[in-house]
>>> print(open('structure19.txt').read())   # compact mmCIF, C-alpha atoms
# COMPACT_ATOMS: atom_id res chain seq x y z
CA MET A 1275 19.41 6.45 26.13
CA SER A 1276 18.41 3.94 28.80
CA THR A 1277 15.17 2.93 30.48
CA ALA A 1278 14.44 3.31 34.20
CA ASP A 1279 15.88 -0.14 34.96
CA GLY A 1280 19.13 0.71 33.21
CA THR A 1281 18.51 -1.38 30.09
CA PRO A 1282 20.21 0.32 27.15
CA GLN A 1283 17.59 1.54 24.70
CA ARG A 1284 18.07 2.16 21.04
CA ASP A 1285 16.83 5.19 19.18
CA PRO A 1286 13.63 3.93 17.52
CA ALA A 1287 14.38 6.14 14.50
CA ARG A 1288 17.80 4.63 13.78
CA LEU A 1289 16.54 2.16 11.11
CA TRP A 1290 15.66 5.19 8.99
CA GLU A 1291 19.42 5.42 8.35
CA SER A 1292 19.21 2.28 6.19
CA ARG A 1293 18.91 2.76 2.44
CA VAL A 1294 15.38 1.39 2.73
CA GLY A 1295 14.46 4.55 4.67
CA THR A 1296 14.76 6.71 1.55
CA ASP A 1297 13.31 4.21 -0.95
CA LEU A 1298 10.26 5.71 -2.58
CA SER A 1299 8.62 2.29 -2.66
CA PHE A 1300 9.14 1.86 1.08
CA LEU A 1301 7.83 5.35 1.85
CA LEU A 1302 4.79 4.68 -0.33
CA ALA A 1303 4.16 1.38 1.46
CA ARG A 1304 4.41 3.02 4.89
CA ALA A 1305 2.18 5.96 3.93
CA ASN A 1306 -0.34 3.49 2.49
CA ALA A 1307 -0.23 1.37 5.65
CA LEU A 1308 -0.93 4.44 7.82
CA SER A 1309 -3.74 5.53 5.51
CA LEU A 1310 -5.31 2.05 5.51
CA ALA A 1311 -5.12 1.88 9.32
CA ALA A 1312 -6.81 5.29 9.63
CA ALA A 1313 -9.56 4.31 7.16
CA HIS A 1314 -10.02 0.94 8.88
CA ASP A 1315 -10.61 2.64 12.23
CA ALA A 1316 -12.95 5.25 10.73
CA LEU A 1317 -15.03 2.60 8.93
CA ALA A 1318 -15.34 0.10 11.80
CA PRO A 1319 -18.28 1.92 13.49
CA HIS A 1320 -20.11 1.71 10.13
CA GLY A 1321 -19.53 -2.04 9.89
CA LEU A 1322 -17.48 -1.63 6.70
CA LYS A 1323 -14.01 -2.84 5.70
CA VAL A 1324 -11.81 -0.64 3.51
CA ARG A 1325 -12.39 -2.71 0.35
CA GLN A 1326 -16.13 -2.84 0.93
CA PHE A 1327 -16.12 0.94 1.29
CA SER A 1328 -14.21 1.36 -2.00
CA VAL A 1329 -16.78 -0.73 -3.87
CA LEU A 1330 -19.69 1.04 -2.19
CA ALA A 1331 -18.17 4.47 -2.94
CA ILE A 1332 -17.85 3.82 -6.68
CA VAL A 1333 -21.33 2.35 -6.85
CA ALA A 1334 -22.84 5.17 -4.77
CA ASP A 1335 -21.52 7.67 -7.33
CA GLY A 1336 -23.94 6.14 -9.85
CA LEU A 1337 -21.29 4.87 -12.27
CA ARG A 1338 -23.01 1.44 -12.66
CA PRO A 1339 -19.74 -0.51 -12.96
CA THR A 1340 -19.51 -4.14 -13.99
CA GLN A 1341 -17.71 -6.42 -11.54
CA ARG A 1342 -14.84 -6.66 -14.02
CA GLU A 1343 -14.48 -2.87 -14.10
CA LEU A 1344 -14.43 -2.80 -10.29
CA ALA A 1345 -11.70 -5.46 -10.24
CA GLU A 1346 -9.52 -3.56 -12.71
CA PHE A 1347 -10.00 -0.20 -11.02
CA LEU A 1348 -9.38 -1.50 -7.50
CA ARG A 1349 -6.61 -3.89 -8.62
CA LEU A 1350 -8.37 -6.88 -7.04
CA ASP A 1351 -9.00 -10.38 -8.36
CA PRO A 1352 -12.46 -10.70 -9.98
CA SER A 1353 -13.29 -13.38 -7.38
CA GLN A 1354 -12.53 -10.92 -4.56
CA VAL A 1355 -14.92 -8.40 -6.12
CA VAL A 1356 -17.67 -11.03 -6.38
CA THR A 1357 -17.23 -11.72 -2.64
CA LEU A 1358 -17.31 -8.00 -1.78
CA VAL A 1359 -20.44 -7.44 -3.90
CA ASP A 1360 -22.08 -10.50 -2.30
CA GLN A 1361 -21.31 -9.15 1.19
CA LEU A 1362 -22.74 -5.71 0.41
CA GLN A 1363 -25.75 -7.17 -1.41
CA SER A 1364 -26.60 -9.41 1.57
CA ARG A 1365 -26.89 -6.20 3.63
CA ASP A 1366 -29.12 -4.61 0.95
CA LEU A 1367 -26.54 -1.87 0.29
CA LEU A 1368 -26.32 -2.57 -3.43
CA ARG A 1369 -27.79 -4.91 -6.06
CA ARG A 1370 -26.81 -6.43 -9.39
CA GLU A 1371 -28.87 -5.42 -12.44
CA PRO A 1372 -28.63 -6.60 -16.05
CA ASP A 1373 -26.63 -4.12 -18.12
CA PRO A 1374 -29.07 -2.60 -20.67
CA THR A 1375 -26.19 -2.18 -23.17
CA ASP A 1376 -25.14 -5.86 -22.88
CA ARG A 1377 -27.56 -8.16 -21.13
CA ARG A 1378 -24.89 -10.86 -20.67
CA ASN A 1379 -23.34 -8.55 -18.07
CA ASN A 1380 -24.52 -7.32 -14.71
CA VAL A 1381 -23.81 -3.86 -13.41
CA VAL A 1382 -23.74 -2.95 -9.73
CA VAL A 1383 -26.11 -0.29 -8.41
CA ALA A 1384 -26.38 1.23 -4.91
CA THR A 1385 -29.65 1.02 -2.95
CA PRO A 1386 -30.88 4.07 -1.00
CA ALA A 1387 -29.55 2.36 2.18
CA GLY A 1388 -26.16 1.94 0.48
CA ILE A 1389 -26.02 5.60 -0.48
CA SER A 1390 -26.91 6.66 3.10
CA LEU A 1391 -24.32 4.38 4.65
CA HIS A 1392 -21.71 5.52 2.13
CA ASP A 1393 -22.35 9.19 2.87
CA ALA A 1394 -22.08 8.68 6.64
CA ALA A 1395 -18.95 6.52 6.29
CA ARG A 1396 -17.31 8.96 3.88
CA ALA A 1397 -17.72 11.81 6.35
CA ASP A 1398 -15.73 9.85 8.95
CA VAL A 1399 -13.11 8.66 6.44
CA THR A 1400 -12.63 12.27 5.33
CA LEU A 1401 -12.04 13.38 8.94
CA ALA A 1402 -9.52 10.57 9.43
CA GLU A 1403 -7.70 11.52 6.22
CA GLN A 1404 -7.61 15.16 7.22
CA ALA A 1405 -5.94 14.16 10.50
CA LEU A 1406 -3.40 12.00 8.65
CA PHE A 1407 -2.64 14.26 5.69
CA GLY A 1408 -3.08 17.54 7.61
CA VAL A 1409 0.55 17.42 8.73
CA VAL A 1410 1.60 18.66 5.29
CA ASP A 1411 0.46 21.95 3.80
CA PRO A 1412 -2.30 22.20 1.14
CA ARG A 1413 0.12 23.02 -1.69
CA GLN A 1414 2.19 19.90 -0.93
CA LEU A 1415 -0.98 17.81 -0.82
CA ARG A 1416 -2.09 19.16 -4.21
CA ASP A 1417 1.34 18.25 -5.64
CA LEU A 1418 1.17 14.82 -3.99
CA ARG A 1419 -2.22 14.13 -5.58
CA MET A 1420 -0.92 15.22 -9.00
CA THR A 1421 2.24 13.12 -8.75
CA LEU A 1422 0.36 10.02 -7.57
CA HIS A 1423 -2.13 10.56 -10.37
CA SER A 1424 0.76 10.61 -12.88
CA LEU A 1425 2.22 7.43 -11.34
CA ALA A 1426 -0.97 5.46 -10.79
CA GLY A 1427 -3.77 7.25 -12.64
CA PRO A 1428 -5.91 6.31 -15.67
CA ALA A 1429 -2.94 5.86 -18.02
CA THR A 1430 -1.75 2.97 -15.81
CA ALA A 1431 -5.16 1.25 -15.74
CA MET B 989 -16.85 2.70 -28.62
CA SER B 990 -17.62 -0.86 -29.71
CA THR B 991 -15.59 -4.01 -30.29
CA ALA B 992 -15.30 -5.83 -33.62
CA ASP B 993 -18.42 -7.93 -32.90
CA GLY B 994 -20.48 -4.83 -32.18
CA THR B 995 -20.57 -5.26 -28.38
CA PRO B 996 -20.72 -1.84 -26.78
CA GLN B 997 -17.53 -1.18 -24.84
CA ARG B 998 -17.09 1.17 -21.94
CA ASP B 999 -14.22 3.59 -21.52
CA PRO B 1000 -11.95 1.80 -19.03
CA ALA B 1001 -11.02 5.17 -17.51
CA ARG B 1002 -14.59 6.16 -16.64
CA LEU B 1003 -14.45 4.96 -13.00
CA TRP B 1004 -11.84 7.67 -12.41
CA GLU B 1005 -14.83 10.06 -12.46
CA SER B 1006 -15.96 8.66 -9.10
CA ARG B 1007 -14.95 10.57 -5.98
CA VAL B 1008 -12.69 7.63 -5.12
CA GLY B 1009 -10.56 8.56 -8.15
CA THR B 1010 -9.30 11.72 -6.44
CA ASP B 1011 -9.02 10.30 -2.90
CA LEU B 1012 -5.43 10.57 -1.73
CA SER B 1013 -5.76 7.28 0.12
CA PHE B 1014 -6.95 5.53 -3.04
CA LEU B 1015 -4.15 7.05 -5.14
CA LEU B 1016 -1.61 6.00 -2.50
CA ALA B 1017 -3.01 2.46 -2.48
CA ARG B 1018 -2.84 2.22 -6.26
CA ALA B 1019 0.69 3.65 -6.47
CA ASN B 1020 1.75 1.23 -3.73
CA ALA B 1021 0.15 -1.71 -5.57
CA LEU B 1022 2.02 -0.82 -8.77
CA SER B 1023 5.28 -0.40 -6.86
CA LEU B 1024 4.83 -3.74 -5.06
CA ALA B 1025 4.06 -5.51 -8.35
CA ALA B 1026 7.21 -4.04 -9.96
CA ALA B 1027 9.37 -5.02 -6.97
CA HIS B 1028 7.81 -8.50 -6.88
CA ASP B 1029 8.73 -9.10 -10.53
CA ALA B 1030 12.25 -7.72 -10.08
CA LEU B 1031 12.89 -9.89 -7.01
CA ALA B 1032 11.49 -13.17 -8.35
CA PRO B 1033 14.69 -14.12 -10.26
CA HIS B 1034 16.58 -13.67 -6.96
CA GLY B 1035 14.21 -15.99 -5.11
CA LEU B 1036 13.11 -13.18 -2.78
CA LYS B 1037 9.68 -11.85 -1.82
CA VAL B 1038 9.24 -8.12 -1.20
CA ARG B 1039 9.09 -8.47 2.61
CA GLN B 1040 12.12 -10.75 2.66
CA PHE B 1041 14.00 -8.15 0.64
CA SER B 1042 13.03 -5.37 3.06
CA VAL B 1043 14.39 -7.35 6.02
CA LEU B 1044 17.54 -8.31 4.14
CA ALA B 1045 18.12 -4.71 3.02
CA ILE B 1046 18.00 -3.30 6.56
CA VAL B 1047 20.23 -6.08 7.85
CA ALA B 1048 22.67 -5.74 4.94
CA ASP B 1049 23.17 -2.10 5.87
CA GLY B 1050 24.78 -3.29 9.11
CA LEU B 1051 22.21 -1.75 11.45
CA ARG B 1052 21.96 -4.93 13.60
CA PRO B 1053 18.22 -4.56 14.30
CA THR B 1054 16.30 -6.60 16.84
CA GLN B 1055 13.29 -8.45 15.46
CA ARG B 1056 11.07 -6.03 17.38
CA GLU B 1057 12.72 -3.07 15.66
CA LEU B 1058 12.20 -4.72 12.28
CA ALA B 1059 8.51 -5.28 13.07
CA GLU B 1060 7.99 -1.65 14.09
CA PHE B 1061 9.88 -0.23 11.13
CA LEU B 1062 8.21 -2.47 8.54
CA ARG B 1063 4.79 -2.27 10.22
CA LEU B 1064 4.53 -6.06 10.45
CA ASP B 1065 3.46 -8.33 13.31
CA PRO B 1066 6.44 -9.58 15.33
CA SER B 1067 5.41 -13.15 14.39
CA GLN B 1068 5.65 -12.26 10.69
CA VAL B 1069 9.18 -10.95 11.24
CA VAL B 1070 10.20 -14.15 13.05
CA THR B 1071 8.98 -16.13 10.02
CA LEU B 1072 10.83 -13.87 7.56
CA VAL B 1073 14.06 -14.08 9.60
CA ASP B 1074 13.68 -17.89 9.82
CA GLN B 1075 13.25 -18.10 6.03
CA LEU B 1076 16.33 -15.99 5.34
CA GLN B 1077 18.38 -17.75 8.03
CA SER B 1078 17.56 -21.16 6.52
CA ARG B 1079 19.17 -19.89 3.29
CA ASP B 1080 22.23 -18.67 5.23
CA LEU B 1081 21.52 -15.06 4.21
CA LEU B 1082 21.48 -13.77 7.79
CA ARG B 1083 21.88 -15.00 11.35
CA ARG B 1084 20.71 -14.10 14.84
CA GLU B 1085 23.40 -13.02 17.34
CA PRO B 1086 23.07 -12.11 21.01
CA ASP B 1087 22.91 -8.34 21.42
CA PRO B 1088 26.10 -7.30 23.31
CA THR B 1089 24.20 -4.39 24.91
CA ASP B 1090 21.39 -6.66 26.19
CA ARG B 1091 22.06 -10.38 26.04
CA ARG B 1092 18.34 -11.21 26.51
CA ASN B 1093 17.86 -9.91 22.96
CA ASN B 1094 19.03 -11.16 19.60
CA VAL B 1095 20.04 -8.87 16.79
CA VAL B 1096 19.93 -9.84 13.12
CA VAL B 1097 23.14 -9.73 11.08
CA ALA B 1098 23.68 -10.36 7.34
CA THR B 1099 26.08 -13.07 6.16
CA PRO B 1100 28.42 -12.38 3.22
CA ALA B 1101 26.01 -14.40 1.03
CA GLY B 1102 23.14 -12.21 2.26
CA ILE B 1103 25.03 -9.03 1.41
CA SER B 1104 25.84 -10.33 -2.10
CA LEU B 1105 22.27 -11.37 -2.78
CA HIS B 1106 20.98 -8.06 -1.46
CA ASP B 1107 23.29 -6.06 -3.69
CA ALA B 1108 22.29 -8.02 -6.81
CA ALA B 1109 18.58 -7.83 -5.95
CA ARG B 1110 18.77 -4.10 -5.15
CA ALA B 1111 20.23 -3.38 -8.58
CA ASP B 1112 17.19 -4.97 -10.24
CA VAL B 1113 14.71 -3.35 -7.85
CA THR B 1114 16.29 0.03 -8.58
CA LEU B 1115 15.87 -0.50 -12.34
CA ALA B 1116 12.22 -1.48 -11.84
CA GLU B 1117 11.61 1.60 -9.68
CA GLN B 1118 13.26 3.84 -12.25
CA ALA B 1119 10.89 2.46 -14.89
CA LEU B 1120 7.88 3.04 -12.62
CA PHE B 1121 8.81 6.43 -11.16
CA GLY B 1122 10.59 7.71 -14.27
CA VAL B 1123 7.28 8.96 -15.70
CA VAL B 1124 7.48 11.98 -13.38
CA ASP B 1125 10.34 14.47 -13.42
CA PRO B 1126 13.15 14.47 -10.84
CA ARG B 1127 11.92 17.60 -9.05
CA GLN B 1128 8.47 16.05 -8.57
CA LEU B 1129 10.07 12.85 -7.27
CA ARG B 1130 12.14 14.81 -4.78
CA ASP B 1131 8.96 16.56 -3.56
CA LEU B 1132 7.14 13.21 -3.43
CA ARG B 1133 9.88 11.72 -1.26
CA MET B 1134 9.79 14.73 1.08
CA THR B 1135 6.01 14.69 1.40
CA LEU B 1136 5.86 10.93 2.02
CA HIS B 1137 8.63 11.33 4.57
CA SER B 1138 6.54 13.98 6.37
CA LEU B 1139 3.47 11.72 6.28
CA ALA B 1140 5.09 8.40 7.13
CA GLY B 1141 8.63 9.12 8.30
CA PRO B 1142 10.39 8.74 11.66
CA ALA B 1143 7.95 11.02 13.53
CA THR B 1144 5.15 8.53 12.76
CA ALA B 1145 7.13 5.49 13.95
>>> encode(input="structure19.txt", output="structure tokens")
Amino acid sequence: MSTADGTPQRDPARLWESRVGTDLSFLLARANALSLAAAHDALAPHGLKVRQFSVLAIVADGLRPTQRELAEFLRLDPSQVVTLVDQLQSRDLLRREPDPTDRRNNVVVATPAGISLHDAARADVTLAEQALFGVVDPRQLRDLRMTLHSLAGPATA
Amino acid sequence: MSTADGTPQRDPARLWESRVGTDLSFLLARANALSLAAAHDALAPHGLKVRQFSVLAIVADGLRPTQRELAEFLRLDPSQVVTLVDQLQSRDLLRREPDPTDRRNNVVVATPAGISLHDAARADVTLAEQALFGVVDPRQLRDLRMTLHSLAGPATA
């Protein structure tokens, strides 16, 4: 292959011949990078970053998590979760409330505005994911979800 | 559930009931985080970070990539690749050579020390991956590799 000016051009796919190209960890990292980029683009019009959306989504489902639970579930530092909750709270999308079962703790609760924004953002994230994951058939996707759940699901919490 | 002092304790798995818990993008992110953590721990005794190892692995396979090719393949900024190549070059693990097919470009080539370190590091990374991915059976892993390759393989470069 060569370009119009005669410069030799490499096959952009040739690095896939390296052993890295079949490493599961590398393929996971690349699939995750593509998924993050798609979610990032879908969320930008809603003024949300991917991590903010993850927090808002859990809270919007009414699970009333503590900040520690959010950190463990999302595999973030507790200080990162405090920052994310602060950012969303300053936009009145969620609020902290004392936990009735342990008043030393706060739980995080969505506001009506947070639930609305979440629902609108989720619709766009879902479309972006369908575009990304739609290249494989539904049976493969079901198997992918099951395998990832075995690798990274509740038992690995 | 409650702890010894009578504090009510939540089920740590309960956040998996949120819609996020079945999102493919979330499961991918979590599986990737676990895989990165395992690789990080396996590489630490070799004095390598995960991204340094990825660069070294491609170079050790003799593919003579340009820095631009490395950036595209690893989905990093070209400036990040320059930094990684500088770090590895300062340890005499690789070197830049003029590309014989286009002398305006450099290609990146492993030194014998780089190949040795790569081989030792890869052995430990492989053990760590076997521990992580060994919880699912070989047929599922083969399907996982195929599906991830469809989602994030050469056609998506």
>>> residues_around(input="structure19.txt", residues="region 1042-1058 of chain B", least_positions_apart="2", cutoff="10 Å", atoms="all atoms listed in the file", output="number ranges by chain")
A: 1284-1295, 1300; B: 1036-1040, 1060-1070, 1072-1073, 1076, 1081-1087, 1093-1100, 1102-1107, 1109-1110
>>> interface_residues(input="structure19.txt", of="chain A", to="chain B", cutoff="7 Å", atoms="all atoms listed in the file", output="short mmCIF file (atom, residue, chain, number, x, y, z; two decimals) with C-alpha atoms, in the frame of the given file")
data_model
loop_
_atom_site.label_atom_id
_atom_site.label_comp_id
_atom_site.auth_asym_id
_atom_site.auth_seq_id
_atom_site.Cartn_x
_atom_site.Cartn_y
_atom_site.Cartn_z
CA PRO A 1282 20.21 0.32 27.15
CA ALA A 1287 14.38 6.14 14.50
CA LEU A 1289 16.54 2.16 11.11
CA TRP A 1290 15.66 5.19 8.99
CA SER A 1292 19.21 2.28 6.19
CA VAL A 1294 15.38 1.39 2.73
CA LEU A 1298 10.26 5.71 -2.58
CA SER A 1299 8.62 2.29 -2.66
CA LEU A 1301 7.83 5.35 1.85
CA LEU A 1302 4.79 4.68 -0.33
CA ALA A 1303 4.16 1.38 1.46
CA ARG A 1304 4.41 3.02 4.89
CA ALA A 1305 2.18 5.96 3.93
CA ASN A 1306 -0.34 3.49 2.49
CA SER A 1309 -3.74 5.53 5.51
CA ALA A 1331 -18.17 4.47 -2.94
CA ILE A 1332 -17.85 3.82 -6.68
CA ASP A 1335 -21.52 7.67 -7.33
CA LEU A 1337 -21.29 4.87 -12.27
CA THR A 1375 -26.19 -2.18 -23.17
CA PHE A 1407 -2.64 14.26 5.69
CA VAL A 1409 0.55 17.42 8.73
CA VAL A 1410 1.60 18.66 5.29
CA GLN A 1414 2.19 19.90 -0.93
CA LEU A 1418 1.17 14.82 -3.99
CA ARG A 1419 -2.22 14.13 -5.58
CA THR A 1421 2.24 13.12 -8.75
CA LEU A 1422 0.36 10.02 -7.57
CA HIS A 1423 -2.13 10.56 -10.37
CA SER A 1424 0.76 10.61 -12.88
CA LEU A 1425 2.22 7.43 -11.34
CA ALA A 1426 -0.97 5.46 -10.79
CA PRO A 1428 -5.91 6.31 -15.67
#
>>> axis_aligned_box(input="structure19.txt", around="region 1283-1293 of chain A", padding_each_side="3 Å", output="JSON")
{"center_x": 16.5, "center_y": 3.8, "center_z": 13.6, "size_x": 11.8, "size_y": 10.6, "size_z": 28.3}
>>> atom_distance(input="structure19.txt", atom1="CA of Ala1116 (chain B)", atom2="CA of Asp1029 (chain B)")
8.5 Å
>>> atom_distance(input="structure19.txt", atom1="CA of Ala1111 (chain B)", atom2="CA of Gly1035 (chain B)")
14.4 Å
